[in-house]
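Data file: input.txt. Format and content: compact mmCIF, N, CA and C atoms.
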# COMPACT_ATOMS: atom_id res chain seq x y z
N MET Q 762 -3.76 -20.60 2.09
CA MET Q 762 -3.04 -20.03 0.96
C MET Q 762 -4.03 -19.31 0.06
N ILE Q 763 -3.60 -18.19 -0.47
CA ILE Q 763 -4.45 -17.40 -1.35
C ILE Q 763 -4.39 -18.00 -2.76
N SER Q 764 -5.49 -17.94 -3.45
CA SER Q 764 -5.55 -18.53 -4.79
C SER Q 764 -5.11 -17.51 -5.85
N LYS Q 765 -4.77 -18.03 -7.03
CA LYS Q 765 -4.40 -17.15 -8.13
C LYS Q 765 -5.56 -16.24 -8.52
N GLU Q 766 -6.78 -16.76 -8.44
CA GLU Q 766 -7.95 -15.96 -8.80
C GLU Q 766 -8.10 -14.77 -7.84
N GLU Q 767 -7.86 -15.01 -6.55
CA GLU Q 767 -7.94 -13.91 -5.58
C GLU Q 767 -6.86 -12.86 -5.85
N VAL Q 768 -5.65 -13.32 -6.19
CA VAL Q 768 -4.57 -12.39 -6.50
C VAL Q 768 -4.91 -11.61 -7.77
N LYS Q 769 -5.47 -12.27 -8.77
CA LYS Q 769 -5.88 -11.58 -9.99
C LYS Q 769 -6.91 -10.50 -9.67
N ASN Q 770 -7.85 -10.81 -8.80
CA ASN Q 770 -8.89 -9.84 -8.41
C ASN Q 770 -8.27 -8.65 -7.70
N ILE Q 771 -7.36 -8.91 -6.75
CA ILE Q 771 -6.70 -7.82 -6.03
C ILE Q 771 -5.86 -6.99 -6.99
N ALA Q 772 -5.16 -7.65 -7.91
CA ALA Q 772 -4.34 -6.94 -8.89
C ALA Q 772 -5.20 -6.05 -9.78
N GLU Q 773 -6.37 -6.53 -10.15
CA GLU Q 773 -7.28 -5.74 -10.99
C GLU Q 773 -7.74 -4.49 -10.25
N ILE Q 774 -8.07 -4.65 -8.98
CA ILE Q 774 -8.50 -3.50 -8.17
C ILE Q 774 -7.37 -2.49 -8.05
N ALA Q 775 -6.14 -3.00 -7.86
CA ALA Q 775 -4.97 -2.12 -7.70
C ALA Q 775 -4.39 -1.67 -9.04
N LYS Q 776 -5.02 -2.10 -10.13
CA LYS Q 776 -4.57 -1.78 -11.48
C LYS Q 776 -3.14 -2.23 -11.72
N LEU Q 777 -2.84 -3.46 -11.26
CA LEU Q 777 -1.55 -4.09 -11.50
C LEU Q 777 -1.70 -5.13 -12.58
N LYS Q 778 -0.65 -5.30 -13.35
CA LYS Q 778 -0.68 -6.30 -14.41
C LYS Q 778 0.47 -7.27 -14.19
N PHE Q 779 0.16 -8.57 -14.20
CA PHE Q 779 1.15 -9.61 -14.01
C PHE Q 779 1.12 -10.56 -15.19
N GLY Q 780 2.31 -11.00 -15.60
CA GLY Q 780 2.39 -12.11 -16.54
C GLY Q 780 2.11 -13.39 -15.75
N GLU Q 781 1.91 -14.50 -16.44
CA GLU Q 781 1.57 -15.75 -15.75
C GLU Q 781 2.68 -16.19 -14.79
N ASP Q 782 3.95 -16.04 -15.21
CA ASP Q 782 5.05 -16.41 -14.33
C ASP Q 782 5.16 -15.47 -13.13
N GLU Q 783 4.91 -14.18 -13.36
CA GLU Q 783 4.92 -13.21 -12.28
C GLU Q 783 3.77 -13.47 -11.31
N LEU Q 784 2.63 -13.86 -11.84
CA LEU Q 784 1.47 -14.16 -11.01
C LEU Q 784 1.76 -15.31 -10.06
N GLU Q 785 2.41 -16.33 -10.57
CA GLU Q 785 2.76 -17.48 -9.73
C GLU Q 785 3.69 -17.06 -8.59
N ALA Q 786 4.73 -16.30 -8.91
CA ALA Q 786 5.69 -15.86 -7.90
C ALA Q 786 5.02 -14.92 -6.89
N PHE Q 787 4.20 -13.99 -7.38
CA PHE Q 787 3.54 -13.05 -6.48
C PHE Q 787 2.55 -13.76 -5.57
N THR Q 788 1.85 -14.76 -6.09
CA THR Q 788 0.90 -15.51 -5.28
C THR Q 788 1.62 -16.19 -4.12
N GLU Q 789 2.78 -16.79 -4.39
CA GLU Q 789 3.55 -17.44 -3.33
C GLU Q 789 4.02 -16.43 -2.28
N LYS Q 790 4.56 -15.30 -2.73
CA LYS Q 790 5.05 -14.29 -1.80
C LYS Q 790 3.91 -13.68 -0.99
N PHE Q 791 2.79 -13.43 -1.64
CA PHE Q 791 1.64 -12.85 -0.95
C PHE Q 791 1.11 -13.83 0.10
N SER Q 792 1.13 -15.11 -0.21
CA SER Q 792 0.70 -16.12 0.76
C SER Q 792 1.60 -16.12 1.98
N LEU Q 793 2.90 -15.95 1.77
CA LEU Q 793 3.84 -15.88 2.90
C LEU Q 793 3.55 -14.68 3.79
N VAL Q 794 3.24 -13.55 3.17
CA VAL Q 794 2.91 -12.35 3.94
C VAL Q 794 1.63 -12.57 4.75
N LEU Q 795 0.62 -13.15 4.12
CA LEU Q 795 -0.64 -13.40 4.83
C LEU Q 795 -0.46 -14.40 5.97
N ASP Q 796 0.38 -15.42 5.77
CA ASP Q 796 0.69 -16.37 6.84
C ASP Q 796 1.38 -15.67 8.00
N PHE Q 797 2.30 -14.76 7.69
CA PHE Q 797 3.01 -14.01 8.72
C PHE Q 797 2.03 -13.17 9.54
N VAL Q 798 1.13 -12.48 8.84
CA VAL Q 798 0.13 -11.65 9.53
C VAL Q 798 -0.78 -12.54 10.38
N HIS Q 799 -1.15 -13.69 9.87
CA HIS Q 799 -1.99 -14.63 10.63
C HIS Q 799 -1.28 -15.05 11.92
N ASN Q 800 0.03 -15.32 11.83
CA ASN Q 800 0.80 -15.70 13.02
C ASN Q 800 0.90 -14.55 14.02
N ILE Q 801 1.05 -13.32 13.52
CA ILE Q 801 1.10 -12.16 14.41
C ILE Q 801 -0.22 -12.01 15.16
N ASN Q 802 -1.32 -12.27 14.48
CA ASN Q 802 -2.64 -12.14 15.11
C ASN Q 802 -2.84 -13.15 16.23
N LYS Q 803 -2.07 -14.22 16.25
CA LYS Q 803 -2.18 -15.24 17.30
C LYS Q 803 -1.51 -14.82 18.61
N VAL Q 804 -0.64 -13.81 18.56
CA VAL Q 804 0.12 -13.39 19.73
C VAL Q 804 -0.81 -12.78 20.77
N ASP Q 805 -0.66 -13.23 22.00
CA ASP Q 805 -1.47 -12.71 23.11
C ASP Q 805 -0.92 -11.34 23.53
N THR Q 806 -1.69 -10.30 23.33
CA THR Q 806 -1.26 -8.94 23.68
C THR Q 806 -2.07 -8.38 24.84
N GLU Q 807 -2.76 -9.23 25.55
CA GLU Q 807 -3.57 -8.79 26.68
C GLU Q 807 -2.67 -8.13 27.72
N GLY Q 808 -3.01 -6.92 28.13
CA GLY Q 808 -2.26 -6.20 29.15
C GLY Q 808 -1.01 -5.50 28.62
N ILE Q 809 -0.80 -5.50 27.33
CA ILE Q 809 0.37 -4.84 26.75
C ILE Q 809 -0.05 -3.45 26.27
N GLU Q 810 0.69 -2.44 26.66
CA GLU Q 810 0.40 -1.07 26.23
C GLU Q 810 0.69 -0.92 24.74
N PRO Q 811 -0.14 -0.21 24.02
CA PRO Q 811 0.13 0.02 22.59
C PRO Q 811 1.42 0.81 22.39
N CYS Q 812 2.10 0.52 21.32
CA CYS Q 812 3.33 1.22 20.97
C CYS Q 812 3.01 2.11 19.77
N TYR Q 813 3.24 3.39 19.92
CA TYR Q 813 2.92 4.31 18.83
C TYR Q 813 4.16 4.72 18.04
N GLY Q 814 5.29 4.18 18.39
CA GLY Q 814 6.53 4.48 17.69
C GLY Q 814 7.59 3.48 18.11
N ILE Q 815 8.66 3.42 17.36
CA ILE Q 815 9.70 2.46 17.69
C ILE Q 815 10.92 3.14 18.28
N SER Q 816 10.86 4.44 18.47
CA SER Q 816 12.00 5.20 18.96
C SER Q 816 11.54 6.12 20.09
N GLU Q 817 12.45 6.38 21.00
CA GLU Q 817 12.14 7.31 22.09
C GLU Q 817 12.29 8.76 21.65
N GLU Q 818 12.89 8.97 20.48
CA GLU Q 818 13.10 10.33 19.99
C GLU Q 818 11.77 10.95 19.58
N ASN Q 819 11.66 12.23 19.82
CA ASN Q 819 10.49 12.96 19.34
C ASN Q 819 10.68 13.27 17.87
N GLY Q 820 9.61 13.22 17.12
CA GLY Q 820 9.69 13.54 15.71
C GLY Q 820 9.96 15.01 15.49
N PHE Q 821 10.40 15.35 14.35
CA PHE Q 821 10.62 16.75 14.02
C PHE Q 821 10.12 16.98 12.60
N PHE Q 822 9.81 18.20 12.32
CA PHE Q 822 9.33 18.55 10.99
C PHE Q 822 10.42 19.31 10.26
N LYS Q 823 10.67 18.91 9.05
CA LYS Q 823 11.66 19.58 8.23
C LYS Q 823 11.00 20.80 7.60
N GLU Q 824 11.73 21.88 7.58
CA GLU Q 824 11.21 23.09 6.95
C GLU Q 824 11.07 22.86 5.46
N LEU Q 825 9.92 23.19 4.92
CA LEU Q 825 9.66 23.03 3.51
C LEU Q 825 10.24 24.21 2.75
N GLU Q 826 11.09 23.89 1.79
CA GLU Q 826 11.69 24.94 0.99
C GLU Q 826 10.91 25.05 -0.32
N GLU Q 827 10.88 26.23 -0.86
CA GLU Q 827 10.08 26.50 -2.06
C GLU Q 827 10.43 25.58 -3.22
N GLU Q 828 11.72 25.28 -3.43
CA GLU Q 828 12.11 24.47 -4.58
C GLU Q 828 11.77 22.99 -4.41
N GLN Q 829 11.24 22.58 -3.26
CA GLN Q 829 10.88 21.19 -3.04
C GLN Q 829 9.49 20.85 -3.58
N THR Q 830 8.74 21.81 -4.02
CA THR Q 830 7.37 21.55 -4.47
C THR Q 830 7.32 21.42 -5.99
N LEU Q 831 6.30 20.76 -6.46
CA LEU Q 831 6.08 20.59 -7.90
C LEU Q 831 4.79 21.29 -8.29
N ASP Q 832 4.73 21.74 -9.53
CA ASP Q 832 3.49 22.32 -10.05
C ASP Q 832 2.45 21.22 -10.19
N ARG Q 833 1.19 21.58 -10.04
CA ARG Q 833 0.10 20.62 -10.16
C ARG Q 833 0.14 19.91 -11.51
N GLU Q 834 0.37 20.67 -12.58
CA GLU Q 834 0.40 20.08 -13.92
C GLU Q 834 1.52 19.05 -14.04
N GLU Q 835 2.67 19.35 -13.43
CA GLU Q 835 3.80 18.42 -13.48
C GLU Q 835 3.48 17.13 -12.74
N VAL Q 836 2.82 17.24 -11.60
CA VAL Q 836 2.45 16.06 -10.83
C VAL Q 836 1.42 15.23 -11.58
N LEU Q 837 0.44 15.87 -12.17
CA LEU Q 837 -0.63 15.15 -12.85
C LEU Q 837 -0.17 14.47 -14.14
N LYS Q 838 1.04 14.78 -14.62
CA LYS Q 838 1.58 14.08 -15.77
C LYS Q 838 1.83 12.61 -15.45
N ASN Q 839 1.96 12.28 -14.16
CA ASN Q 839 2.29 10.92 -13.73
C ASN Q 839 1.07 10.04 -13.49
N THR Q 840 -0.10 10.53 -13.79
CA THR Q 840 -1.30 9.74 -13.58
C THR Q 840 -1.98 9.44 -14.91
N THR Q 841 -2.72 8.34 -14.91
CA THR Q 841 -3.47 8.02 -16.13
C THR Q 841 -4.79 8.75 -16.17
N GLU Q 842 -5.33 9.09 -14.99
CA GLU Q 842 -6.62 9.79 -14.95
C GLU Q 842 -6.59 10.90 -13.91
N SER Q 843 -7.12 12.05 -14.27
CA SER Q 843 -7.28 13.14 -13.32
C SER Q 843 -8.65 13.77 -13.56
N GLU Q 844 -9.13 14.46 -12.53
CA GLU Q 844 -10.43 15.11 -12.64
C GLU Q 844 -10.42 16.34 -11.74
N TYR Q 845 -10.85 17.47 -12.27
CA TYR Q 845 -10.92 18.73 -11.53
C TYR Q 845 -9.56 19.13 -10.94
N GLY Q 846 -8.47 18.75 -11.60
CA GLY Q 846 -7.14 19.13 -11.13
C GLY Q 846 -6.58 18.25 -10.04
N TYR Q 847 -7.20 17.09 -9.79
CA TYR Q 847 -6.74 16.15 -8.77
C TYR Q 847 -6.61 14.76 -9.38
N PHE Q 848 -5.93 13.85 -8.65
CA PHE Q 848 -5.87 12.47 -9.08
C PHE Q 848 -7.26 11.87 -9.01
N LYS Q 849 -7.66 11.12 -10.02
CA LYS Q 849 -8.92 10.41 -9.99
C LYS Q 849 -8.59 8.98 -9.57
N ILE Q 850 -9.25 8.51 -8.51
CA ILE Q 850 -8.96 7.17 -8.01
C ILE Q 850 -10.19 6.29 -8.13
N LEU Q 851 -9.96 5.02 -8.14
CA LEU Q 851 -11.01 4.02 -8.24
C LEU Q 851 -11.73 3.87 -6.91
N LYS Q 852 -13.03 3.88 -6.92
CA LYS Q 852 -13.80 3.66 -5.70
C LYS Q 852 -13.69 2.19 -5.31
N VAL Q 853 -13.19 1.92 -4.10
CA VAL Q 853 -13.01 0.54 -3.66
C VAL Q 853 -13.92 0.17 -2.50
N VAL Q 854 -14.67 1.12 -1.98
CA VAL Q 854 -15.58 0.86 -0.87
C VAL Q 854 -16.99 0.75 -1.42
N GLU Q 855 -17.67 -0.31 -1.06
CA GLU Q 855 -19.04 -0.49 -1.55
C GLU Q 855 -20.04 -0.07 -0.49
Would you mind writing the structure in this file as structure tokens?
Amino acid sequence: MISKEEVKNIAEIAKLKFGEDELEAFTEKFSLVLDFVHNINKVDTEGIEPCYGISEENGFFKELEEEQTLDREEVLKNTTESEYGYFKILKVVE
């Protein structure tokens, strides 16, 4: 099970804020997800071909229409930090 301190650390990196009651609930849910992933990792997949999609249909690309785009300034209104006209993100790789 993941600890509250680990969840607090992950939340800080992701710039998420939790109240104490939310932290408790999120810690429990996150632990369930990690347990599920741990169980999936136990499955023997030796000799199984990788699956690159869940459908036999070929993908298609939708034509982009001019009115579907946003101005850069309009998009950057939704961020707390920008630099050189782009989103500024936190470095997470050491």
Exercise for the section: Would you please extract all strand (DSSP E or B) residues from chain Q, as assigned by DSSP on the backbone, and give them as an MDAnalysis selection string? Expected result: chainID Q and resid 843:844 847:848
Handout entry: Coordinates-based distance that separates atom N of Q:Met762 from atom N of Q:Ser792 (Å, one decimal)
Key =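 Distance between the two atoms: 7.7 Å.
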Name the residues in contact with Q:Ile774 at a cut-off of 8 Å, using only N, CA and C atoms, excluding same-chain residues fewer than 5 positions from it; report them as a short mmCIF file (atom, residue, chain, number, x, y, z; two decimals) with N, CA and C atoms, in the frame of the given file.
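Result written to result.cif:
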data_model
loop_
_atom_site.label_atom_id
_atom_site.label_comp_id
_atom_site.auth_asym_id
_atom_site.auth_seq_id
_atom_site.Cartn_x
_atom_site.Cartn_y
_atom_site.Cartn_z
N VAL Q 768 -5.65 -13.32 -6.19
CA VAL Q 768 -4.57 -12.39 -6.50
C VAL Q 768 -4.91 -11.61 -7.77
N LYS Q 769 -5.47 -12.27 -8.77
CA LYS Q 769 -5.88 -11.58 -9.99
C LYS Q 769 -6.91 -10.50 -9.67
N LEU Q 851 -9.96 5.02 -8.14
CA LEU Q 851 -11.01 4.02 -8.24
C LEU Q 851 -11.73 3.87 -6.91
N VAL Q 853 -13.19 1.92 -4.10
CA VAL Q 853 -13.01 0.54 -3.66
C VAL Q 853 -13.92 0.17 -2.50
#
Exercise for the section: For atom C of Q:Val794 and atom C of Q:Glu807, determine how far apart the two atoms are, in Å to one decimal place. Expected result: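 Answer for the atom C of Q:Val794 to atom C of Q:Glu807 separation: 23.8 Å.
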Handout entry: One-decimal distance in Å that lies between atom C of Q:Asn770 and atom N of Q:Phe848
Key =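 Atom C of Q:Asn770 lies at a distance of 22.6 Å from atom N of Q:Phe848.
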Exercise for the section: Just the residues within 10 Å of Q:Glu834, please, counting only C-alpha atoms, with nothing from its chain fewer than 5 positions along; format it as a PyMOL selection string. Expected result: chain Q and resi 839+846-847
Practice task
Taking the chain letters and numbering used in this document, name the residues of stretch 766-838 of chain Q that DSSP puts in alpha helix (DSSP H), as a PyMOL selection string.
Solution key: chain Q and resi 766-774+781-802+833-837
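The nearest approach to Q:Ile763 among the residues Q:Cys812, Q:Leu837, Q:Leu777, Q:Leu795, with all atoms listed in the file taken into account, belongs to Q:Leu795.
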Around all the atoms of stretch 792-795 of chain Q listed in the file, draw an axis-aligned box and extend it by 3 Å on each of the six sides; I want its centre and edge lengths in Å to one decimal, as lines of an AutoDock Vina configuration file.
center_x = 1.6
center_y = -14.2
center_z = 2.9
size_x = 10.5
size_y = 9.8
size_z = 12.2
